[in-house]
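**Q** final.cif is reproduced below (mmCIF, C-alpha atoms).
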data_work
#
loop_
_atom_site.label_atom_id
_atom_site.label_comp_id
_atom_site.auth_asym_id
_atom_site.auth_seq_id
_atom_site.Cartn_x
_atom_site.Cartn_y
_atom_site.Cartn_z
CA MET C 1 -65.47 29.95 -35.91
CA LEU C 2 -65.36 30.61 -32.23
CA HIS C 3 -62.46 28.44 -31.16
CA ILE C 4 -59.25 29.60 -32.84
CA THR C 5 -57.37 26.57 -34.17
CA THR C 6 -54.13 26.21 -36.14
CA LEU C 7 -56.15 26.27 -39.34
CA HIS C 8 -57.21 29.88 -38.73
CA TYR C 9 -53.58 30.97 -38.67
CA LEU C 10 -52.77 28.96 -41.78
CA VAL C 11 -55.62 30.56 -43.72
CA LEU C 12 -54.44 33.99 -42.62
CA GLY C 13 -50.91 33.12 -43.70
CA ALA C 14 -52.17 31.99 -47.10
CA ALA C 15 -54.12 35.23 -47.55
CA LEU C 16 -51.05 37.31 -46.66
CA PHE C 17 -48.97 35.27 -49.10
CA LEU C 18 -51.49 35.93 -51.83
CA LEU C 19 -51.43 39.68 -51.14
CA GLY C 20 -47.63 39.67 -51.32
CA VAL C 21 -47.66 37.79 -54.62
CA ILE C 22 -50.14 40.27 -56.12
CA GLY C 23 -47.92 43.13 -54.96
CA VAL C 24 -44.80 41.62 -56.51
CA LEU C 25 -46.49 40.87 -59.83
CA THR C 26 -48.38 44.09 -60.43
CA ARG C 27 -46.59 47.08 -58.94
CA ARG C 28 -44.12 49.23 -60.84
CA ASN C 29 -42.28 50.83 -57.96
CA VAL C 30 -39.28 48.78 -56.86
CA VAL C 31 -39.59 49.77 -53.21
CA VAL C 32 -43.19 48.56 -53.09
CA VAL C 33 -42.13 45.28 -54.74
CA LEU C 34 -39.52 44.82 -52.00
CA MET C 35 -42.15 45.54 -49.37
CA SER C 36 -44.44 42.92 -50.91
CA ILE C 37 -41.59 40.43 -50.61
CA GLU C 38 -41.45 41.30 -46.90
CA LEU C 39 -45.20 40.55 -46.74
CA ILE C 40 -44.55 37.11 -48.24
CA LEU C 41 -41.82 36.40 -45.69
CA ASN C 42 -44.17 37.46 -42.91
CA ALA C 43 -46.81 35.04 -44.12
CA VAL C 44 -44.24 32.23 -44.01
CA ASN C 45 -43.23 33.25 -40.50
CA LEU C 46 -46.84 33.11 -39.34
CA ASN C 47 -47.14 29.59 -40.72
CA LEU C 48 -43.95 28.53 -38.96
CA VAL C 49 -44.95 29.89 -35.58
CA ALA C 50 -48.47 28.44 -35.87
CA PHE C 51 -47.05 25.01 -36.60
CA SER C 52 -44.60 25.38 -33.74
CA ARG C 53 -47.55 25.95 -31.44
CA TYR C 54 -49.25 22.88 -32.91
CA TRP C 55 -46.14 20.82 -32.25
CA GLN C 56 -45.97 22.10 -28.69
CA GLY C 57 -49.33 20.49 -28.08
CA ILE C 58 -48.01 17.16 -29.29
CA HIS C 59 -44.37 16.99 -28.28
CA GLY C 60 -44.27 19.12 -25.17
CA ALA C 61 -43.37 22.71 -24.38
CA THR C 62 -39.82 22.62 -25.77
CA ALA C 63 -40.65 21.77 -29.38
CA LEU C 64 -39.83 25.31 -30.52
CA HIS C 65 -38.26 24.49 -33.86
CA GLY C 66 -40.74 26.60 -35.80
CA GLN C 67 -39.97 29.67 -33.73
CA VAL C 68 -36.21 29.24 -34.19
CA PHE C 69 -36.74 28.94 -37.92
CA ALA C 70 -38.90 32.08 -37.86
CA ILE C 71 -36.04 33.97 -36.20
CA PHE C 72 -33.73 32.79 -38.96
CA VAL C 73 -36.22 33.95 -41.58
CA ILE C 74 -36.35 37.42 -39.98
CA THR C 75 -32.53 37.57 -40.02
CA ASP C 76 -32.51 36.54 -43.66
CA ALA C 77 -35.15 39.15 -44.51
CA ALA C 78 -32.98 41.85 -42.95
CA ALA C 79 -29.94 40.83 -44.99
CA GLU C 80 -31.95 40.61 -48.19
CA ALA C 81 -33.65 43.97 -47.66
CA ALA C 82 -30.28 45.64 -47.07
CA VAL C 83 -28.70 44.23 -50.21
CA GLY C 84 -31.82 44.83 -52.31
CA LEU C 85 -32.01 48.46 -51.26
CA GLY C 86 -28.29 48.85 -51.98
CA ILE C 87 -28.87 47.58 -55.49
CA LEU C 88 -31.81 49.97 -55.82
CA ILE C 89 -29.67 52.92 -54.80
CA ALA C 90 -26.93 51.90 -57.23
CA PHE C 91 -29.42 51.65 -60.07
CA PHE C 92 -31.15 54.89 -59.16
CA ARG C 93 -27.83 56.68 -59.28
CA ASN C 94 -27.37 55.61 -62.88
CA LYS C 95 -30.81 55.82 -64.37
CA GLU C 96 -32.85 58.13 -62.10
CA THR C 97 -35.95 55.92 -62.10
CA VAL C 98 -37.61 53.57 -59.63
CA ASN C 99 -39.89 51.76 -62.03
CA VAL C 100 -39.35 48.08 -62.68
CA ASP C 101 -40.27 48.17 -66.34
CA GLU C 102 -37.68 50.83 -67.12
CA VAL C 103 -34.90 48.46 -66.06
CA ASN C 104 -34.47 47.20 -69.62
CA LEU C 105 -30.86 47.82 -70.57
CA LEU C 106 -30.36 44.16 -71.48
CA LYS C 107 -33.34 44.08 -73.82
CA TRP C 108 -32.67 43.44 -77.48
CA MET J 109 -56.18 26.34 -15.72
CA ASN J 110 -58.50 28.78 -17.40
CA PRO J 111 -58.11 29.36 -21.13
CA PRO J 112 -57.49 32.98 -22.13
CA VAL J 113 -60.63 35.08 -22.56
CA ALA J 114 -61.76 37.02 -25.61
CA THR J 115 -59.36 35.12 -27.84
CA PRO J 116 -61.50 35.06 -31.02
CA PHE J 117 -62.10 38.82 -30.72
CA PHE J 118 -58.38 39.57 -30.57
CA PHE J 119 -57.58 37.11 -33.32
CA TYR J 120 -60.09 38.65 -35.70
CA LEU J 121 -59.07 42.18 -34.77
CA LEU J 122 -55.36 41.51 -35.30
CA SER J 123 -55.88 39.53 -38.49
CA ALA J 124 -58.12 42.28 -39.90
CA THR J 125 -55.35 44.79 -39.12
CA VAL J 126 -52.77 42.62 -40.84
CA LEU J 127 -54.92 42.08 -43.93
CA ILE J 128 -55.93 45.74 -44.25
CA GLY J 129 -52.28 46.73 -43.85
CA GLY J 130 -51.34 44.26 -46.57
CA VAL J 131 -53.99 45.58 -48.95
CA LEU J 132 -52.84 49.15 -48.31
CA VAL J 133 -49.24 48.17 -49.04
CA ILE J 134 -50.04 46.89 -52.51
CA THR J 135 -52.43 49.64 -53.54
CA ARG J 136 -51.18 53.01 -52.27
CA LYS J 137 -49.45 55.45 -54.61
CA ASN J 138 -47.17 57.08 -52.08
CA ALA J 139 -44.35 54.78 -51.02
CA VAL J 140 -44.23 56.27 -47.53
CA HIS J 141 -47.89 55.31 -47.07
CA CYS J 142 -47.03 51.78 -48.13
CA ALA J 143 -44.19 51.65 -45.60
CA LEU J 144 -46.43 52.89 -42.79
CA ALA J 145 -49.11 50.35 -43.69
CA LEU J 146 -46.47 47.62 -43.63
CA ILE J 147 -45.29 48.75 -40.19
CA THR J 148 -48.90 48.49 -38.95
CA ALA J 149 -49.18 45.00 -40.41
CA LEU J 150 -45.91 43.93 -38.79
CA LEU J 151 -46.95 45.20 -35.37
CA ALA J 152 -50.30 43.42 -35.61
CA GLN J 153 -48.43 40.30 -36.64
CA ALA J 154 -46.34 40.61 -33.47
CA GLY J 155 -49.63 40.60 -31.58
CA LEU J 156 -50.56 37.38 -33.37
CA TYR J 157 -47.25 35.85 -32.32
CA LEU J 158 -48.08 36.78 -28.74
CA MET J 159 -51.39 34.98 -29.13
CA LEU J 160 -49.47 31.91 -30.30
CA TYR J 161 -47.41 32.01 -27.09
CA ALA J 162 -44.20 33.07 -28.85
CA PRO J 163 -43.10 36.18 -26.93
CA PHE J 164 -39.49 36.06 -28.08
CA VAL J 165 -40.39 35.96 -31.76
CA ALA J 166 -42.83 38.83 -31.14
CA GLY J 167 -40.06 40.87 -29.54
CA VAL J 168 -37.67 40.10 -32.39
CA GLN J 169 -40.36 41.07 -34.89
CA ILE J 170 -40.98 44.44 -33.27
CA ILE J 171 -37.34 45.32 -32.70
CA LEU J 172 -35.78 43.93 -35.87
CA TYR J 173 -38.51 43.94 -38.48
CA ALA J 174 -40.61 46.98 -37.62
CA GLY J 175 -37.81 48.90 -35.95
CA GLY J 176 -34.89 48.01 -38.20
CA ILE J 177 -35.89 46.85 -41.65
CA MET J 178 -38.78 49.27 -42.11
CA VAL J 179 -36.65 52.17 -40.88
CA LEU J 180 -34.11 51.17 -43.54
CA PHE J 181 -36.88 51.21 -46.12
CA LEU J 182 -37.97 54.67 -45.03
CA PHE J 183 -34.41 55.96 -45.21
CA VAL J 184 -34.02 54.69 -48.75
CA ILE J 185 -37.41 56.15 -49.76
CA MET J 186 -36.22 59.48 -48.44
CA LEU J 187 -32.87 59.18 -50.25
CA ILE J 188 -34.33 58.49 -53.68
CA SER J 189 -36.71 61.34 -54.30
CA ILE J 190 -39.70 59.59 -55.76
CA GLU J 191 -42.12 62.46 -55.93
CA ARG J 192 -42.02 62.19 -59.69
CA SER J 193 -43.02 58.55 -59.60
CA GLN J 194 -46.14 59.31 -57.58
CA LYS J 195 -47.77 60.91 -60.61
CA GLU J 196 -46.92 58.09 -62.98
CA ARG J 197 -48.81 54.91 -63.62
CA GLN J 198 -48.65 52.64 -60.59
CA PHE J 199 -49.42 49.22 -62.00
CA ASN J 200 -47.35 47.72 -64.77
CA LYS J 201 -48.55 46.58 -68.18
CA GLN J 202 -48.98 42.92 -67.33
CA TRP J 203 -51.13 43.47 -64.28
CA LEU J 204 -53.95 41.38 -65.70
CA ILE J 205 -51.74 38.34 -66.16
CA GLY J 206 -50.37 38.95 -62.67
CA ILE J 207 -53.87 38.92 -61.19
CA ALA J 208 -54.66 35.75 -63.15
CA VAL J 209 -51.57 33.98 -61.82
CA ALA J 210 -52.39 35.11 -58.29
CA ALA J 211 -55.95 33.80 -58.75
CA ALA J 212 -54.54 30.45 -59.87
CA LEU J 213 -52.35 30.37 -56.77
CA GLY J 214 -55.38 31.27 -54.67
CA GLY J 215 -57.33 28.43 -56.22
CA LEU J 216 -54.50 26.05 -55.41
CA LEU J 217 -54.42 27.22 -51.81
CA ILE J 218 -58.21 26.82 -51.49
CA ALA J 219 -57.93 23.30 -52.91
CA VAL J 220 -55.21 22.45 -50.38
CA TYR J 221 -57.38 23.86 -47.60
CA THR J 222 -60.47 21.86 -48.51
CA LYS J 223 -58.52 18.64 -48.88
CA GLY J 224 -56.38 18.97 -45.79
CA LYS J 225 -58.87 20.53 -43.43
CA SER J 226 -59.47 17.31 -41.54
CA LEU J 227 -55.82 16.79 -40.67
CA PHE J 228 -55.86 19.31 -37.82
CA PRO J 229 -57.95 17.97 -34.96
CA GLU J 230 -58.47 20.35 -32.10
CA GLY J 231 -56.12 19.30 -29.35
CA HIS J 232 -55.66 20.60 -25.87
CA LEU J 233 -52.68 22.91 -25.82
CA THR J 234 -50.40 23.39 -22.85
CA TYR J 235 -50.06 26.99 -21.79
CA ALA J 236 -46.37 26.89 -21.00
CA GLU J 237 -44.86 30.29 -21.53
CA ALA J 238 -42.26 30.92 -18.86
CA GLY J 239 -39.51 28.92 -20.49
CA ASN J 240 -39.95 30.16 -24.04
CA THR J 241 -36.74 32.16 -24.38
CA GLN J 242 -34.82 29.48 -22.56
CA GLY J 243 -36.23 26.86 -24.90
CA ILE J 244 -35.14 28.83 -27.96
CA ALA J 245 -31.71 29.36 -26.42
CA ASP J 246 -31.46 25.63 -25.72
CA LEU J 247 -32.21 24.86 -29.34
CA LEU J 248 -29.72 27.41 -30.59
CA TYR J 249 -26.80 27.23 -28.19
CA GLY J 250 -27.33 24.22 -25.96
CA GLN J 251 -24.44 21.89 -25.43
CA TYR J 252 -26.43 18.71 -25.82
CA SER J 253 -29.56 19.96 -27.47
CA GLY J 254 -28.34 22.72 -29.74
CA THR J 255 -29.48 21.46 -33.11
CA TYR J 256 -29.33 24.90 -34.74
CA MET J 257 -25.89 26.08 -33.68
CA PHE J 258 -24.38 25.61 -37.13
CA ALA J 259 -27.27 27.45 -38.77
CA PHE J 260 -26.77 30.29 -36.29
CA GLU J 261 -23.11 30.66 -37.25
CA ILE J 262 -24.00 30.56 -40.95
CA ALA J 263 -26.61 33.26 -40.32
CA SER J 264 -23.99 35.52 -38.78
CA LEU J 265 -21.76 34.89 -41.80
CA LEU J 266 -24.71 35.78 -44.04
CA LEU J 267 -25.15 39.06 -42.18
CA LEU J 268 -21.47 39.87 -42.66
CA VAL J 269 -21.75 39.23 -46.39
CA ALA J 270 -24.92 41.36 -46.54
CA ILE J 271 -23.21 44.26 -44.76
CA ILE J 272 -20.25 44.20 -47.15
CA GLY J 273 -22.53 43.79 -50.15
CA ALA J 274 -24.83 46.65 -49.18
CA VAL J 275 -21.93 49.02 -48.55
CA VAL J 276 -20.22 48.12 -51.83
CA MET J 277 -23.45 48.42 -53.84
CA ALA J 278 -24.36 51.82 -52.45
CA LYS J 279 -20.96 53.48 -52.60
CA LYS J 280 -20.31 56.15 -55.19
CA ARG J 281 -16.82 54.96 -55.96
CA ILE J 282 -15.56 51.53 -54.94
#
Kindly present the structure from the file in structure tokens form.

**A**
Amino acid sequence: MLHITTLHYLVLGAALFLLGVIGVLTRRNVVVVLMSIELILNAVNLNLVAFSRYWQGIHGATALHGQVFAIFVITDAAAEAAVGLGILIAFFRNKETVNVDEVNLLKW
Amino acid sequence: MNPPVATPFFFYLLSATVLIGGVLVITRKNAVHCALALITALLAQAGLYLMLYAPFVAGVQIILYAGGIMVLFLFVIMLISIERSQKERQFNKQWLIGIAVAAALGGLLIAVYTKGKSLFPEGHLTYAEAGNTQGIADLLYGQYSGTYMFAFEIASLLLLVAIIGAVVMAKKRI
């Protein structure tokens, strides 16, 4: 417990992922669902950077592939949050609600 | 070379902040409270990146994630007036099945942990930090070592598409 290894970061990443999944599956507010998706992406980023540090111990100080991938994931999260919030605004303009289970216009 | 001091204390402090922020995100009624809890979690995560000797990723996380994406979230929360939704029911009808699925996923993760725990022997890590940004730049833009240059250009194209998409989706009249 006293020496922090890669495994500590992986367990923390798994716990964050689980919290994000619970948030996506159980909340009604669309904005909170989008924020839980950001939590999931953060957990993935933590895994990537932890493994990059693990690789640095094996392959030398320039094995930074995990960190580069984490930067790409952050870029992708920005694009996805922008488009998702645009869709939310467009839907809110039509139906005046932010609850996920009231988005049921295609239901038969 | 001396290893950094007080490392377990900072790791447990930062990971407790991240986990408490995550729990607050998924349980609070007010969406602004959720956004603030997520900002706290993101800043603590930047601290964890610093502990992993990734200062550039920590800087990108603070500037882009906590300072860009979360500000966008707060703007949208202010635009859509969701005071009415604060008094409604917060968890949807299938929350029990959701918790069951998440518990199944948690069981799978615990199984993976117990089986693969022995694959990570404790090695001696080098404490190289001065060339971190240069190393990332070499991987992204280097003439002979830039393996991610194509992905970088595709990411900029993705951002262009996201800008156009967000503007078109949020306009009143196209």

**Q** What residues come out when you apply the PyMOL selection byres ((chain C and resi 16-27) around 7) to this file, written as a list in words?

**A**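 Answer for the PyMOL selection byres ((chain C and resi 16-27) around 7): Leu12, Gly13, Ala14, Ala15, Arg28, Asn29, Val32, Val33, Ser36, Ile37, Leu39, Ile40 and Ala43 of chain C; Leu127, Gly130, Val131, Ile134, Gln198, Phe199, Asn200, Trp203, Gly206, Ile207, Ala210 and Gly214 of chain J.
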
**Q** What does the distance from CA of Ile272 in chain J to CA of Glu38 in chain C come to in Å, to one decimal?

**A** 21.4 Å

**Q** Give me the residues within 10 Å of range 85-92 of chain C as a ChimeraX atom specification, counting only C-alpha atoms and dropping any in the same chain fewer than 3 places off.

**A** /C:30-31,34,80-82,95-99,103 /J:180-181,183-185,187-189,270-271,273-280

**Q** From the list J:Ala219, J:Leu266, J:Ala259, J:Leu150, which residue is nearest Leu122 in chain J when using only C-alpha atoms?

**A**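 Distance minimum relative to Leu122 in chain J lands on J:Leu150.
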
**Q** Counting all atoms listed in the file, I want the residues whose atoms come within 7 Å of (-54.5, 34.9, -27.4) in the file frame, returned as a ChimeraX atom specification.

**A** /J:112,115,118,158-160

**Q** Please evaluate the PyMOL selection byres ((chain C and resi 78) around 10) against the displayed coordinates and give the resulting residues as a PyMOL selection string.

**A** (chain C and resi 38+72-77+79-84) or (chain J and resi 172-173+176-178+180+267+270)

**Q** Identify, on the basis of all atoms listed in the file, every residue whose closest approach to range 60-68 of chain C does not exceed 12 Å; exclude the query and any residue fewer than 5 positions from it along the same chain; express the result as a PyMOL selection string.

**A** (chain C and resi 44-55+73-75) or (chain J and resi 157-158+160-169+232-249+253-257+259-260)
